[in-house]
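Text of target25.cif, listed as mmCIF, C-alpha atoms and all ligand atoms:
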```cif
data_data
loop_
_atom_site.label_atom_id
_atom_site.label_comp_id
_atom_site.auth_asym_id
_atom_site.auth_seq_id
_atom_site.Cartn_x
_atom_site.Cartn_y
_atom_site.Cartn_z
CA MET W 1 177.90 116.25 113.63
CA GLU W 2 178.44 112.55 114.29
CA THR W 3 176.68 110.18 116.64
CA ASP W 4 176.13 106.47 117.30
CA TYR W 5 172.35 106.71 117.01
CA ALA W 6 170.17 109.33 115.34
CA ILE W 7 166.62 109.10 116.66
CA VAL W 8 164.17 110.72 114.26
CA GLY W 9 161.16 111.85 116.33
CA GLY W 10 161.26 113.13 119.88
CA GLY W 11 157.87 111.94 121.11
CA ILE W 12 157.47 109.39 123.90
CA VAL W 13 158.70 106.56 121.67
CA GLY W 14 161.88 108.28 120.46
CA LEU W 15 162.76 109.63 123.91
CA SER W 16 162.17 106.26 125.61
CA VAL W 17 164.48 104.52 123.16
CA ALA W 18 167.04 107.34 123.42
CA TRP W 19 167.00 107.03 127.22
CA GLY W 20 167.66 103.30 127.05
CA LEU W 21 170.53 103.69 124.60
CA LEU W 22 172.19 106.47 126.63
CA ARG W 23 171.95 104.26 129.70
CA ARG W 24 174.03 101.74 127.76
CA GLY W 25 176.67 104.38 127.05
CA ARG W 26 175.75 105.12 123.43
CA ARG W 27 175.97 108.58 121.91
CA VAL W 28 172.48 109.69 120.88
CA ALA W 29 170.97 112.66 119.03
CA VAL W 30 167.19 113.07 118.93
CA LEU W 31 165.83 115.16 116.05
CA ASP W 32 162.30 116.42 116.55
CA GLY W 33 160.02 118.29 114.15
CA ASP W 34 158.60 121.78 114.17
CA ASP W 35 155.57 123.33 115.90
CA GLY W 36 153.19 122.11 113.20
CA ALA W 37 153.96 118.42 113.81
CA PHE W 38 151.30 116.05 115.13
CA ARG W 39 152.27 114.80 118.57
CA ALA W 40 150.24 111.98 120.08
CA SER W 41 152.57 112.07 123.08
CA ARG W 42 151.12 115.42 124.13
CA GLY W 43 147.44 114.58 123.71
CA ASN W 44 146.89 111.08 125.02
CA PHE W 45 144.91 109.47 127.83
CA GLY W 46 147.82 108.37 130.03
CA LEU W 47 146.83 104.76 130.63
CA VAL W 48 149.47 102.15 131.34
CA TRP W 49 147.15 99.42 130.15
CA VAL W 50 147.25 95.70 129.64
CA GLN W 51 143.62 94.54 129.38
CA GLY W 52 142.25 94.19 125.89
CA LYS W 53 145.73 94.31 124.30
CA GLY W 54 146.68 91.39 122.06
CA MET W 55 143.30 89.68 121.90
CA ARG W 56 144.37 88.18 118.56
CA GLN W 57 148.14 88.19 119.22
CA PRO W 58 149.10 87.01 122.71
CA ARG W 59 152.70 88.13 122.14
CA TYR W 60 151.42 91.70 122.17
CA ALA W 61 149.59 91.05 125.45
CA ARG W 62 152.85 89.63 126.84
CA TRP W 63 154.91 92.60 125.62
CA SER W 64 152.44 94.99 127.27
CA GLN W 65 152.64 92.96 130.50
CA HIS W 66 156.44 93.11 130.42
CA SER W 67 156.31 96.86 130.05
CA ALA W 68 153.74 97.30 132.81
CA ALA W 69 155.91 95.14 135.08
CA VAL W 70 159.00 97.38 134.71
CA TRP W 71 157.14 100.72 134.53
CA ALA W 72 157.39 101.56 138.23
CA GLU W 73 161.16 101.03 138.29
CA PHE W 74 161.52 103.03 135.10
CA ALA W 75 159.51 105.96 136.51
CA ALA W 76 161.37 105.85 139.82
CA GLU W 77 164.75 105.89 138.10
CA ILE W 78 163.89 108.94 135.98
CA ALA W 79 162.42 110.72 139.00
CA ALA W 80 165.55 110.02 141.06
CA ASN W 81 167.83 111.19 138.23
CA THR W 82 165.97 114.41 137.48
CA GLY W 83 164.17 115.33 140.70
CA ARG W 84 160.95 115.44 138.64
CA ASP W 85 157.92 113.50 139.75
CA VAL W 86 156.59 110.92 137.26
CA PRO W 87 153.21 110.09 138.83
CA LEU W 88 152.16 106.48 138.31
CA GLU W 89 149.40 104.42 139.92
CA GLN W 90 149.20 100.70 139.19
CA ASN W 91 146.33 99.50 141.36
CA GLY W 92 144.36 97.98 138.49
CA GLY W 93 141.90 99.46 136.02
CA PHE W 94 138.28 98.96 134.95
CA ASP W 95 136.58 98.15 131.70
CA LEU W 96 133.02 99.25 132.54
CA HIS W 97 130.07 97.56 130.86
CA PHE W 98 126.51 98.73 130.29
CA SER W 99 125.03 95.36 129.28
CA GLU W 100 125.39 91.79 130.59
CA GLU W 101 125.81 90.51 127.02
CA ALA W 102 128.76 92.79 126.32
CA LEU W 103 130.37 91.90 129.64
CA GLU W 104 129.98 88.16 128.95
CA ALA W 105 131.45 88.56 125.45
CA THR W 106 134.51 90.36 126.86
CA VAL W 107 134.97 87.72 129.55
CA ALA W 108 134.88 84.96 126.91
CA GLN W 109 137.65 86.72 124.98
CA TYR W 110 139.71 87.26 128.14
CA GLU W 111 139.38 83.58 129.07
CA ALA W 112 140.77 82.59 125.66
CA LEU W 113 143.65 85.02 126.05
CA LYS W 114 144.29 83.82 129.60
CA THR W 115 144.66 80.26 128.31
CA ALA W 116 147.07 81.44 125.61
CA LEU W 117 149.09 83.20 128.33
CA ASP W 118 149.30 80.07 130.50
CA GLY W 119 146.93 81.56 133.06
CA ASP W 120 148.93 84.76 133.56
CA TYR W 121 146.12 87.26 133.02
CA PRO W 122 145.00 88.50 136.44
CA TYR W 123 141.51 89.88 136.14
CA GLU W 124 138.21 89.56 137.95
CA VAL W 125 134.62 90.30 137.01
CA LEU W 126 132.68 92.57 139.33
CA GLY W 127 128.91 92.84 139.27
CA HIS W 128 127.28 96.20 139.95
CA ASN W 129 127.20 95.87 143.76
CA ALA W 130 130.79 94.67 144.04
CA LEU W 131 131.86 97.46 141.71
CA ARG W 132 130.09 100.08 143.83
CA LYS W 133 132.15 99.01 146.82
CA GLU W 134 135.30 99.84 144.81
CA GLU W 135 133.86 102.87 143.01
CA PRO W 136 131.07 104.43 145.13
CA ASN W 137 130.35 107.04 142.43
CA ILE W 138 129.52 104.54 139.71
CA GLY W 139 126.06 104.98 138.15
CA PRO W 140 123.11 102.53 138.04
CA LYS W 141 123.47 101.98 134.28
CA VAL W 142 126.81 100.22 134.74
CA VAL W 143 125.99 96.50 135.10
CA GLY W 144 129.52 95.47 135.96
CA ALA W 145 133.17 95.75 135.10
CA ILE W 146 136.33 93.85 134.50
CA LEU W 147 139.04 94.76 136.99
CA HIS W 148 142.45 93.93 135.53
CA HIS W 149 145.16 94.03 138.14
CA GLN W 150 148.05 94.88 135.79
CA ASP W 151 146.46 98.15 134.65
CA GLY W 152 147.22 101.65 135.82
CA HIS W 153 147.80 105.23 134.71
CA ALA W 154 150.46 107.90 134.68
CA ASN W 155 150.92 111.57 133.91
CA PRO W 156 152.15 111.40 130.30
CA LEU W 157 153.22 115.05 130.05
CA LYS W 158 155.31 114.85 133.21
CA LEU W 159 156.86 111.64 131.87
CA LEU W 160 157.69 113.33 128.57
CA THR W 161 159.40 116.35 130.12
CA ALA W 162 161.25 114.25 132.72
CA LEU W 163 162.45 111.87 130.01
CA ALA W 164 163.75 114.74 127.87
CA ALA W 165 165.53 116.18 130.92
CA ASP W 166 167.12 112.83 131.73
CA VAL W 167 168.19 112.26 128.13
CA ARG W 168 169.96 115.63 128.22
CA ARG W 169 171.45 114.90 131.65
CA MET W 170 173.02 111.73 130.24
CA GLY W 171 174.60 113.73 127.41
CA GLY W 172 172.02 113.07 124.73
CA GLN W 173 171.16 115.87 122.34
CA VAL W 174 167.50 116.72 121.90
CA LEU W 175 167.25 119.02 118.90
CA ILE W 176 163.87 120.69 118.40
CA GLY W 177 162.67 122.22 115.14
CA LYS W 178 164.74 119.77 113.07
CA THR W 179 162.33 118.35 110.53
CA VAL W 180 164.14 115.56 108.74
CA THR W 181 163.59 115.71 105.00
CA ASP W 182 166.06 113.18 103.66
CA LEU W 183 167.74 110.00 104.81
CA SER W 184 170.43 108.11 102.92
CA LYS W 185 173.31 105.72 103.55
CA PRO W 186 176.34 106.46 101.44
CA ASP W 187 178.55 104.96 104.18
CA ALA W 188 177.24 105.93 107.61
CA PHE W 189 173.65 107.21 107.68
CA ARG W 190 173.25 110.79 106.48
CA ILE W 191 170.29 112.69 107.92
CA THR W 192 169.29 115.99 106.33
CA CYS W 193 166.95 118.49 108.00
CA ALA W 194 164.79 121.20 106.46
CA ASP W 195 167.00 123.92 107.99
CA GLY W 196 170.13 122.49 106.35
CA THR W 197 171.45 120.61 109.40
CA ILE W 198 173.23 117.41 108.40
CA LEU W 199 173.96 114.60 110.83
CA SER W 200 175.97 111.46 110.40
CA ALA W 201 175.09 108.36 112.45
CA GLU W 202 176.08 104.71 112.67
CA LYS W 203 172.47 103.68 113.26
CA ILE W 204 169.13 105.35 112.90
CA VAL W 205 165.84 104.80 114.71
CA LEU W 206 162.78 106.08 112.89
CA SER W 207 160.28 106.89 115.62
CA ALA W 208 158.61 109.86 113.97
CA GLY W 209 155.03 108.84 114.72
CA LEU W 210 152.86 109.75 111.74
CA GLY W 211 155.96 111.27 110.08
CA ALA W 212 157.29 107.73 109.61
CA ALA W 213 154.82 107.12 106.78
CA GLU W 214 156.67 109.62 104.59
CA LEU W 215 160.23 108.98 105.78
CA GLY W 216 159.98 105.17 106.07
CA PRO W 217 160.22 104.33 102.36
CA LYS W 218 163.50 106.32 102.16
CA LEU W 219 164.99 103.67 104.46
CA GLY W 220 163.31 100.70 102.76
CA PHE W 221 160.33 100.37 105.12
CA ILE W 222 156.69 99.99 104.12
CA ALA W 223 155.69 102.05 107.17
CA PRO W 224 151.92 101.53 106.79
CA ILE W 225 150.95 104.07 109.44
CA ARG W 226 147.65 105.92 109.60
CA PRO W 227 146.18 108.56 111.91
CA GLN W 228 143.12 107.98 114.08
CA ARG W 229 141.64 110.91 115.95
CA GLY W 230 140.87 110.81 119.64
CA GLN W 231 139.00 113.68 121.30
CA VAL W 232 139.49 114.20 125.01
CA LEU W 233 137.91 116.34 127.76
CA ILE W 234 139.15 117.39 131.17
CA THR W 235 137.19 118.82 134.11
CA GLU W 236 138.13 121.25 136.82
CA LYS W 237 140.14 119.81 139.71
CA LEU W 238 137.82 117.82 141.99
CA PRO W 239 138.01 115.97 145.31
CA LYS W 240 138.54 112.22 144.91
CA LEU W 241 135.70 110.88 142.75
CA ILE W 242 137.23 107.97 140.85
CA ASN W 243 139.51 105.44 142.54
CA ARG W 244 140.79 103.52 139.56
CA PRO W 245 141.08 104.52 135.89
CA SER W 246 138.62 103.14 133.36
CA LEU W 247 138.47 103.26 129.59
CA ILE W 248 135.89 106.04 130.00
CA ALA W 249 137.47 108.36 132.58
CA ARG W 250 140.29 108.68 135.06
CA GLN W 251 141.13 111.16 137.78
CA VAL W 252 144.58 112.55 137.06
CA ASP W 253 147.20 113.16 139.74
CA GLU W 254 146.31 116.87 139.76
CA GLY W 255 142.59 116.24 140.43
CA GLY W 256 140.89 116.82 137.07
CA ILE W 257 138.81 114.06 135.51
CA GLN W 258 140.06 113.19 132.05
CA ILE W 259 137.33 111.81 129.78
CA GLY W 260 138.01 110.10 126.50
CA ALA W 261 138.61 109.23 123.87
CA THR W 262 136.84 108.98 120.51
CA ASN W 263 138.11 106.71 117.73
CA GLU W 264 137.65 108.50 114.41
CA GLU W 265 139.04 107.83 110.95
CA VAL W 266 139.25 111.43 109.72
CA GLY W 267 142.78 111.63 108.31
CA LEU W 268 145.14 114.37 109.46
CA ASP W 269 142.45 116.39 111.25
CA ASP W 270 142.97 116.86 114.99
CA ARG W 271 140.11 119.28 115.65
CA VAL W 272 137.39 118.69 118.23
CA THR W 273 133.73 118.43 117.25
CA GLN W 274 130.53 119.07 119.17
CA PRO W 275 129.11 115.55 118.51
CA GLY W 276 132.42 113.98 119.54
CA LEU W 277 132.63 115.87 122.82
CA SER W 278 128.91 115.47 123.61
CA GLY W 279 129.17 111.72 123.12
CA LEU W 280 132.14 111.50 125.47
CA ALA W 281 130.39 113.58 128.11
CA ALA W 282 127.20 111.48 127.89
CA ASP W 283 129.13 108.21 128.36
CA ALA W 284 131.07 109.66 131.26
CA ILE W 285 127.91 110.85 133.02
CA ALA W 286 126.26 107.47 132.46
CA ALA W 287 129.26 105.85 134.15
CA TYR W 288 129.83 108.44 136.89
CA PRO W 289 126.62 110.56 137.29
CA ALA W 290 128.33 113.07 139.62
CA LEU W 291 130.24 114.32 136.59
CA ALA W 292 127.04 116.04 135.39
CA ARG W 293 127.86 118.82 137.87
CA ALA W 294 131.56 119.12 136.95
CA GLN W 295 132.90 122.08 135.00
CA LEU W 296 134.79 121.22 131.85
CA VAL W 297 137.97 123.29 131.45
CA ARG W 298 139.52 122.01 128.27
CA SER W 299 139.04 119.74 125.28
CA TRP W 300 141.45 118.70 122.58
CA GLY W 301 141.96 116.31 119.73
CA ALA W 302 145.07 114.27 118.99
CA LEU W 303 145.98 111.68 116.38
CA ARG W 304 146.84 108.10 117.24
CA VAL W 305 149.65 106.44 115.30
CA LEU W 306 148.17 103.16 114.04
CA SER W 307 149.47 100.22 112.03
CA PRO W 308 146.88 98.20 110.03
CA ASP W 309 146.43 95.64 112.85
CA GLY W 310 147.00 98.09 115.71
CA LEU W 311 150.15 96.28 116.89
CA PRO W 312 153.59 97.89 117.15
CA ILE W 313 156.06 97.68 114.27
CA TYR W 314 159.67 96.85 115.12
CA GLN W 315 161.66 96.31 111.96
CA GLU W 316 165.28 96.59 110.90
CA SER W 317 165.58 97.69 107.29
CA VAL W 318 166.44 94.86 104.93
CA THR W 319 167.95 97.20 102.34
CA MET W 320 169.68 99.52 104.84
CA PRO W 321 170.77 97.47 107.87
CA GLY W 322 171.26 99.65 110.92
CA ALA W 323 168.01 101.54 110.28
CA PHE W 324 165.12 100.58 112.58
CA LEU W 325 161.44 101.46 112.43
CA VAL W 326 159.92 101.70 115.90
CA THR W 327 156.29 102.71 116.13
CA CYS W 328 153.28 101.72 118.20
CA HIS W 329 149.78 102.64 119.23
CA SER W 330 150.40 102.54 122.99
CA GLY W 331 153.54 104.51 123.55
CA ILE W 332 152.78 105.34 127.19
CA THR W 333 152.13 101.72 128.14
CA LEU W 334 155.19 100.58 126.20
CA ALA W 335 157.52 103.40 127.31
CA ALA W 336 159.19 101.20 129.91
CA ALA W 337 159.69 98.32 127.46
CA HIS W 338 161.10 100.71 124.87
CA ALA W 339 163.49 102.20 127.41
CA ARG W 340 164.59 99.05 129.20
CA LEU W 341 164.11 96.10 126.80
CA LEU W 342 164.13 97.39 123.21
CA PRO W 343 167.74 98.71 123.24
CA ASP W 344 168.99 95.09 123.50
CA TRP W 345 167.23 94.38 120.21
CA LEU W 346 168.71 97.50 118.55
CA GLU W 347 172.15 96.43 119.75
CA GLY W 348 171.72 92.83 118.60
CA ALA W 349 172.37 91.58 122.14
CA ALA W 350 171.95 87.92 123.03
CA THR W 351 169.36 89.00 125.61
CA ALA W 352 167.25 90.82 122.98
CA PRO W 353 163.49 90.24 123.18
CA ASP W 354 162.07 88.21 120.30
CA LEU W 355 160.10 90.79 118.33
CA GLU W 356 159.66 88.81 115.12
CA VAL W 357 155.84 88.90 115.26
CA PHE W 358 156.02 92.70 115.17
CA SER W 359 158.06 92.86 111.95
CA GLU W 360 156.70 94.57 108.86
CA SER W 361 156.70 91.31 106.92
CA ARG W 362 153.19 90.68 108.27
CA PHE W 363 151.97 93.44 105.93
CA ALA W 364 154.17 92.64 102.92
CA PHE W 365 151.58 90.59 101.02
CA SER W 366 148.42 92.20 102.31
C1 LIG W 401 143.63 110.51 122.17
C2 LIG W 401 144.76 109.54 122.42
C3 LIG W 401 144.75 108.76 123.56
C4 LIG W 401 145.77 107.87 123.80
N1 LIG W 401 145.79 107.17 124.96
C5 LIG W 401 146.83 106.36 125.25
C6 LIG W 401 146.89 105.70 126.50
O1 LIG W 401 146.02 105.87 127.35
N2 LIG W 401 147.95 104.88 126.74
C7 LIG W 401 148.92 104.66 125.80
O2 LIG W 401 149.83 103.86 126.05
N3 LIG W 401 148.90 105.30 124.62
C8 LIG W 401 147.89 106.16 124.34
N4 LIG W 401 147.85 106.82 123.14
C9 LIG W 401 148.90 106.57 122.19
C10 LIG W 401 150.19 107.30 122.50
O3 LIG W 401 149.93 108.65 122.75
C11 LIG W 401 151.12 107.11 121.31
O4 LIG W 401 151.37 105.72 121.12
C12 LIG W 401 152.43 107.77 121.48
O5 LIG W 401 152.30 109.11 121.88
C13 LIG W 401 153.20 107.71 120.18
O6 LIG W 401 154.40 108.37 120.38
P1 LIG W 401 155.36 108.67 119.18
O7 LIG W 401 156.60 109.20 119.78
O8 LIG W 401 155.45 107.47 118.30
O9 LIG W 401 154.58 109.74 118.31
P2 LIG W 401 154.37 111.30 118.50
O10 LIG W 401 154.08 111.66 119.88
O11 LIG W 401 153.36 111.70 117.47
O12 LIG W 401 155.77 111.91 118.17
C14 LIG W 401 156.32 111.83 116.90
C15 LIG W 401 157.36 112.91 116.83
O13 LIG W 401 158.02 112.78 115.58
C16 LIG W 401 158.32 114.07 115.14
N5 LIG W 401 158.45 114.02 113.68
C17 LIG W 401 157.51 113.69 112.75
N6 LIG W 401 158.02 113.81 111.52
C18 LIG W 401 159.31 114.22 111.69
C19 LIG W 401 160.35 114.54 110.78
N7 LIG W 401 160.18 114.46 109.47
N8 LIG W 401 161.53 114.95 111.30
C20 LIG W 401 161.73 115.05 112.63
N9 LIG W 401 160.77 114.76 113.53
C21 LIG W 401 159.58 114.35 113.05
C22 LIG W 401 157.17 114.95 115.59
O14 LIG W 401 157.65 116.27 115.76
C23 LIG W 401 156.77 114.31 116.91
O15 LIG W 401 157.29 114.98 118.03
C24 LIG W 401 146.83 107.72 122.86
C25 LIG W 401 146.85 108.52 121.72
C26 LIG W 401 145.83 109.42 121.50
C27 LIG W 401 145.87 110.28 120.27
#
```
Go ahead and express the file in the form of structure tokens.
Ligand SMILES: Cc1cc2nc3c(=O)[nH]c(=O)nc-3n(C[C@H](O)[C@H](O)[C@H](O)COP(=O)(O)OP(=O)(O)OC[C@H]3O[C@@H](n4cnc5c(N)ncnc54)[C@H](O)[C@@H]3O)c2cc1C
Amino acid sequence: METDYAIVGGGIVGLSVAWGLLRRGRRVAVLDGDDGAFRASRGNFGLVWVQGKGMRQPRYARWSQHSAAVWAEFAAEIAANTGRDVPLEQNGGFDLHFSEEALEATVAQYEALKTALDGDYPYEVLGHNALRKEEPNIGPKVVGAILHHQDGHANPLKLLTALAADVRRMGGQVLIGKTVTDLSKPDAFRITCADGTILSAEKIVLSAGLGAAELGPKLGFIAPIRPQRGQVLITEKLPKLINRPSLIARQVDEGGIQIGATNEEVGLDDRVTQPGLSGLAADAIAAYPALARAQLVRSWGALRVLSPDGLPIYQESVTMPGAFLVTCHSGITLAAAHARLLPDWLEGAATAPDLEVFSESRFAFS
């Protein structure tokens, strides 16, 4: 089988990139792993989030803003193409605070970032009373919040299935159960799967999430990726309780309240734990006391895909040109950028975004 692009990894990152390349008329095959694979795209919190991103690297804040700005168009286009709803709300989001000191410290950081972004960082600080007008169910322990107007949330599972449907509609192949075991470049790229499938491609995008750590060195990448566990809870469907998403909880389009997530360095372990879930529930009740009466219906753990500094990695292989490593921590937020802006970079177009700060060279001597 021959194709222009082989995309290794069919999570949100691989499918977003595949979608963008197909839209440009490229032939694309997406190879995705087996049932045992870790899949952050199926266990995440669904925020399309700008605030707090890039505190030490304004280019990351800018990249997140670009993605948030084109997200609505991206979702609308997929929905129109497939007839599948991709729910998105972008009415702003809250970072809730339980102490004045912590709120002031965050504001100081945001002011510095705002200056670095030439003032383009639309947020406001709400004290408890102002916050209660926006979120009547907020609890007395919350002293205030930052409302960032570029934030929002989506349904990540509906996005994932709609994206896969649209990729197929455009003629892309999405091959499931194809764990890639070897990658080489005798002439074109040769991709070998565990089941014996062999694919030949002009270019290859390695977007295998945590799987990139093992496959990356075969293409000349460092691929310094590590897992970080996040545990998540969801309640029964409830009448409207939360107006805007926060970093503690959000009300999903179907009515449940999603609560999360922990940040745990536990290796390749995606189980839930009683202390993890209890801690999440306690924070959520402190923020929104009415949740004490809500029934929990499900909990799960999923593994984040993290680089050492938490920023994305976009790197073309130095030793095997035509191979690209594409990986990030915030694949839902960046889905629109990956679909609509990143393909220019893969194609070497004059309009390509400048992604130099996200290259792997920043880790080469660390
Ligand atoms: C708890 C939690 C909350 C999160 N919340 C948010 C949020 O609110 N907003 C946000 O923007 N992001 C969030 N994220 C991050 C987001 O989910 C990830 O950035 C995103 O899912 C990464 O997508 P991916 O495609 O790179 O990886 P994955 O979804 O892990 O997909 C990788 C794919 O590669 C495949 N693969 C691996 N190895 C191979 C191989 N050898 N051969 C073939 N295929 C292979 C796997 O089968 C898998 O399908 C969260 C993550 C977690 C865990």
Restricting the calculation to only C-alpha atoms, which member of W:Ala145, W:Ala165, W:Leu183, W:Val48 is positioned closest to Ala79 (chain W)?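 Of W:Ala145, W:Ala165, W:Leu183, W:Val48, the one nearest Ala79 (chain W) is W:Ala165, counting only C-alpha atoms.
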Residue with smallest distance to Arg226 (chain W) - pool W:Arg132, W:Arg304, W:Arg340, W:Arg62, counting all atoms listed in the file: W:Arg304
Work out how far apart CA of Trp19 (chain W) and CA of Val167 (chain W) are and give it in Å to one decimal.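 Distance between the two atoms: 5.4 Å.
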Contact check, chain W to ligand LIG 401 (chain W), at most 7 Å, counting all atoms listed in the file, closest pairs as CSV:
```
residue,atom,partner,partner_atom,distance
W:Val8,CA,W:LIG401,C20,5.2
W:Gly9,CA,W:LIG401,O13,3.4
W:Gly10,CA,W:LIG401,O15,4.8
W:Gly11,CA,W:LIG401,O7,3.3
W:Ile12,CA,W:LIG401,O7,4.2
W:Val13,CA,W:LIG401,O7,3.9
W:Gly14,CA,W:LIG401,O7,5.4
W:Leu31,CA,W:LIG401,C20,5.3
W:Asp32,CA,W:LIG401,N9,3.8
W:Gly33,CA,W:LIG401,O14,3.5
W:Asp34,CA,W:LIG401,O14,5.8
W:Ala37,CA,W:LIG401,O14,4.7
W:Phe38,CA,W:LIG401,O11,5.4
W:Arg39,CA,W:LIG401,O11,3.5
W:Ala40,CA,W:LIG401,O10,3.9
W:Ser41,CA,W:LIG401,O5,3.2
W:Arg42,CA,W:LIG401,O10,6.4
W:Gly43,CA,W:LIG401,C27,5.7
W:Asn44,CA,W:LIG401,C3,3.5
W:Phe45,CA,W:LIG401,N1,3.8
W:Gly46,CA,W:LIG401,O1,4.1
W:Leu47,CA,W:LIG401,O1,3.6
W:Val48,CA,W:LIG401,N2,5.6
W:Trp49,CA,W:LIG401,N2,6.5
W:Lys178,CA,W:LIG401,C20,5.6
W:Thr179,CA,W:LIG401,N8,3.6
W:Val180,CA,W:LIG401,N8,3.7
W:Thr181,CA,W:LIG401,N7,5.8
W:Ser207,CA,W:LIG401,O8,5.6
W:Ala208,CA,W:LIG401,O13,3.4
W:Gly209,CA,W:LIG401,O9,3.7
W:Leu210,CA,W:LIG401,O11,6.1
W:Gly211,CA,W:LIG401,N6,3.6
W:Ala212,CA,W:LIG401,N6,6.4
W:Leu215,CA,W:LIG401,N7,6.6
W:Arg229,CA,W:LIG401,C27,6.1
W:Gly230,CA,W:LIG401,C1,3.8
W:Gln231,CA,W:LIG401,C1,5.7
W:Val232,CA,W:LIG401,C1,6.2
W:Ala261,CA,W:LIG401,C1,5.5
W:Gly301,CA,W:LIG401,C1,6.5
W:Ala302,CA,W:LIG401,C27,4.3
W:Leu303,CA,W:LIG401,C27,4.1
W:Arg304,CA,W:LIG401,C27,3.9
W:Val305,CA,W:LIG401,O4,6.1
W:Thr327,CA,W:LIG401,O8,5.3
W:Cys328,CA,W:LIG401,O4,5.3
W:His329,CA,W:LIG401,O4,3.9
W:Ser330,CA,W:LIG401,O2,3.4
W:Gly331,CA,W:LIG401,O4,3.5
W:Ile332,CA,W:LIG401,O2,3.5
W:Thr333,CA,W:LIG401,O2,3.8
W:Leu334,CA,W:LIG401,O2,6.3
```
Test item: residues at most 8 Å from Ile138 (chain W), all atoms listed in the file, excluding those fewer than 2 positions along its chain, as a ChimeraX atom specification: /W:131-132,135-136,140,142,287-289
Neighbours of region 254-257 of chain W within 10 Å (all atoms listed in the file; same-chain residues fewer than 6 positions away dropped), as a ChimeraX atom specification? /W:87,155,233-242,245,284,291,294-297
Each region 3-61 of chain W residue no farther than 9 Å from region 185-200 of chain W, nearest pair in Å, all atoms listed in the file, as a tab-separated table:
```
residue	atom	partner	partner_atom	distance
W:Thr3	CA	W:Ser200	CA	6.4
W:Asp4	CA	W:Ser200	CA	8.5
W:Tyr5	CA	W:Ser200	CA	8.9
W:Ala6	CA	W:Leu199	CA	7.9
W:Ala29	CA	W:Leu199	CA	8.9
W:Leu31	CA	W:Cys193	CA	8.8
```
So, with all atoms listed in the file as the atoms that count, which of W:Met55, W:Ala112, W:Ala162, W:Met320 lies closest to Glu77 (chain W)?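 Among the listed residues, W:Ala162 lies closest to Glu77 (chain W).
With all atoms listed in the file as the atoms that count, the residue of W:Glu356, W:Asp283, W:Glu316, W:Glu264 with the shortest distance to His97 (chain W) is W:Asp283.
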What is the distance between CA of Thr273 (chain W) and CA of Ile225 (chain W), in Å to one decimal?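 CA of Ile225 (chain W) lies 23.7 Å from CA of Thr273 (chain W).
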